Amino acid sequence: MQKDILQKQAAYFKALAHPTRLKILELLRQGEYCVCEEICVCDLLKELRLEQSNVSQHLAVLRNQGIVNSRKQGMKVLYSVKNPEVYEIIDYVSRIKKQEIMKEASLFKHLNISEVD
């Protein structure tokens with residue numbers, strides 16, 4: 001049972017572990033394309049500047065892990081985030097990485113000052 005949960009967690013994190021998928025989720029977070037906070041694939045293509053097949057593959061990974069929902073509306077396929085708590089994970093990791101960058105920058109600045117003295 002524990003092994004199954006760990007495998008599912010790893011697959012979920014793997015789905016988040018790509019810059020394009022993170023960008024897709026950021027675009028879906030904005031909800032600026034539609035009042036209903038959904039976004040059409042055609043809007044994603046414009047923003048990401050990628051081929052339709054590439055974007056579709058990334059969306060499939062996110063959909064297969066239950067991160068996004070999709071629905072058809074006429075000829076359009078609309079996507080939305082299934083569980084907005086995914087942004088808590090993304091934001092937490094972002095804060096960790098920003099702190100690391102700040103520490104590295106501070107250390108680098110300290111090293112440069114020490115070398116001048």
# chains A, B, ... in the order shown; residues from 1 in each chain; ligands from 1
>>> select_by_dssp(residues="chain A", states="strand (DSSP E)", output="PyMOL selection string")
chain A and resi 39-40+68-73+76-81
>>> write_last_selection(atoms="N, CA and C atoms", output="compact mmCIF listing (two decimals), in the first residue's frame")
# COMPACT_ATOMS: atom_id res chain seq x y z
N ILE A 39 -9.26 27.63 -20.05
CA ILE A 39 -8.47 28.14 -21.16
C ILE A 39 -8.56 27.15 -22.32
N CYS A 40 -8.64 27.69 -23.50
CA CYS A 40 -8.72 26.88 -24.71
C CYS A 40 -7.30 26.53 -25.18
N VAL A 68 -5.28 18.52 -14.31
CA VAL A 68 -6.20 19.39 -15.06
C VAL A 68 -7.41 18.58 -15.53
N ASN A 69 -8.47 19.31 -15.77
CA ASN A 69 -9.70 18.78 -16.38
C ASN A 69 -9.79 19.31 -17.80
N SER A 70 -10.46 18.59 -18.65
CA SER A 70 -10.73 19.10 -19.99
C SER A 70 -12.20 18.85 -20.32
N ARG A 71 -12.73 19.72 -21.17
CA ARG A 71 -14.09 19.53 -21.65
C ARG A 71 -14.21 20.20 -23.02
N LYS A 72 -15.06 19.62 -23.84
CA LYS A 72 -15.29 20.18 -25.18
C LYS A 72 -16.43 21.18 -25.13
N GLN A 73 -16.24 22.26 -25.86
CA GLN A 73 -17.29 23.25 -26.05
C GLN A 73 -17.28 23.58 -27.54
N LYS A 76 -13.89 23.69 -29.52
CA LYS A 76 -12.80 23.99 -28.60
C LYS A 76 -12.71 22.95 -27.49
N VAL A 77 -11.50 22.74 -27.02
CA VAL A 77 -11.28 21.93 -25.82
C VAL A 77 -10.78 22.91 -24.76
N LEU A 78 -11.52 22.98 -23.65
CA LEU A 78 -11.18 23.89 -22.57
C LEU A 78 -10.54 23.12 -21.43
N TYR A 79 -9.52 23.74 -20.83
CA TYR A 79 -8.80 23.13 -19.72
C TYR A 79 -8.91 24.00 -18.49
N SER A 80 -8.96 23.35 -17.34
CA SER A 80 -8.95 24.04 -16.06
C SER A 80 -8.20 23.18 -15.05
N VAL A 81 -7.76 23.80 -13.98
CA VAL A 81 -7.06 23.06 -12.93
C VAL A 81 -8.09 22.33 -12.09
>>> closest_residue(among="A:Ile89, A:Ile101, A:Leu25, A:Leu45", to="Arg63 of chain A", atoms="only C-alpha atoms")
A:Leu25
>>> select_by_dssp(residues="segment 1-105 of chain A", states="helix (DSSP H, G or I)", output="ChimeraX atom specification")
/A:2-16,19-30,41-48,52-64,86-105
>>> closest_residue(among="A:Ala105, A:Val55, A:Leu22, A:Leu62", to="Val93 of chain A", atoms="only C-alpha atoms")
A:Leu22
>>> closest_atom_pairs(of="segment 57-101 of chain A", to="segment 4-14 of chain A", cutoff="10 Å", atoms="only C-alpha atoms", output="tab-separated table")
residue	atom	partner	partner_atom	distance
A:Val61	CA	A:Lys14	CA	9.3
A:Leu62	CA	A:Tyr12	CA	8.5
A:Asn64	CA	A:Tyr12	CA	9.3
A:Gln65	CA	A:Tyr12	CA	5.9
A:Gly66	CA	A:Tyr12	CA	8.5
A:Ile67	CA	A:Tyr12	CA	8.2
A:Ile89	CA	A:Phe13	CA	9.6
>>> write_last_selection(atoms="C-alpha atoms", output="compact mmCIF listing (two decimals), in the first residue's frame")
# COMPACT_ATOMS: atom_id res chain seq x y z
CA VAL A 61 0.44 14.21 -18.86
CA LEU A 62 -1.29 16.75 -16.60
CA ASN A 64 -3.54 11.67 -16.72
CA GLN A 65 -2.30 12.67 -13.27
CA GLY A 66 -5.58 14.41 -12.45
CA ILE A 67 -4.00 17.86 -12.35
CA ILE A 89 3.01 22.97 -4.05
>>> atom_distance(atom1="atom CA of Glu88 of chain A", atom2="atom CA of Leu16 of chain A")
12.5 Å
>>> atom_distance(atom1="atom CA of Leu59 of chain A", atom2="atom CA of Ser94 of chain A")
21.5 Å
>>> closest_residue(among="A:Val86, A:Ala60, A:Ile96, A:Met1", to="Val41 of chain A", atoms="only C-alpha atoms")
A:Ala60
>>> residues_around(residues="Arg49 of chain A", least_positions_apart="6", cutoff="12 Å", atoms="only C-alpha atoms", output="number ranges by chain")
A: 20, 23-24, 41-43, 55
>>> closest_residue(among="A:Lys3, A:Lys97, A:His18, A:Lys103", to="Gln57 of chain A", atoms="only C-alpha atoms")
A:His18
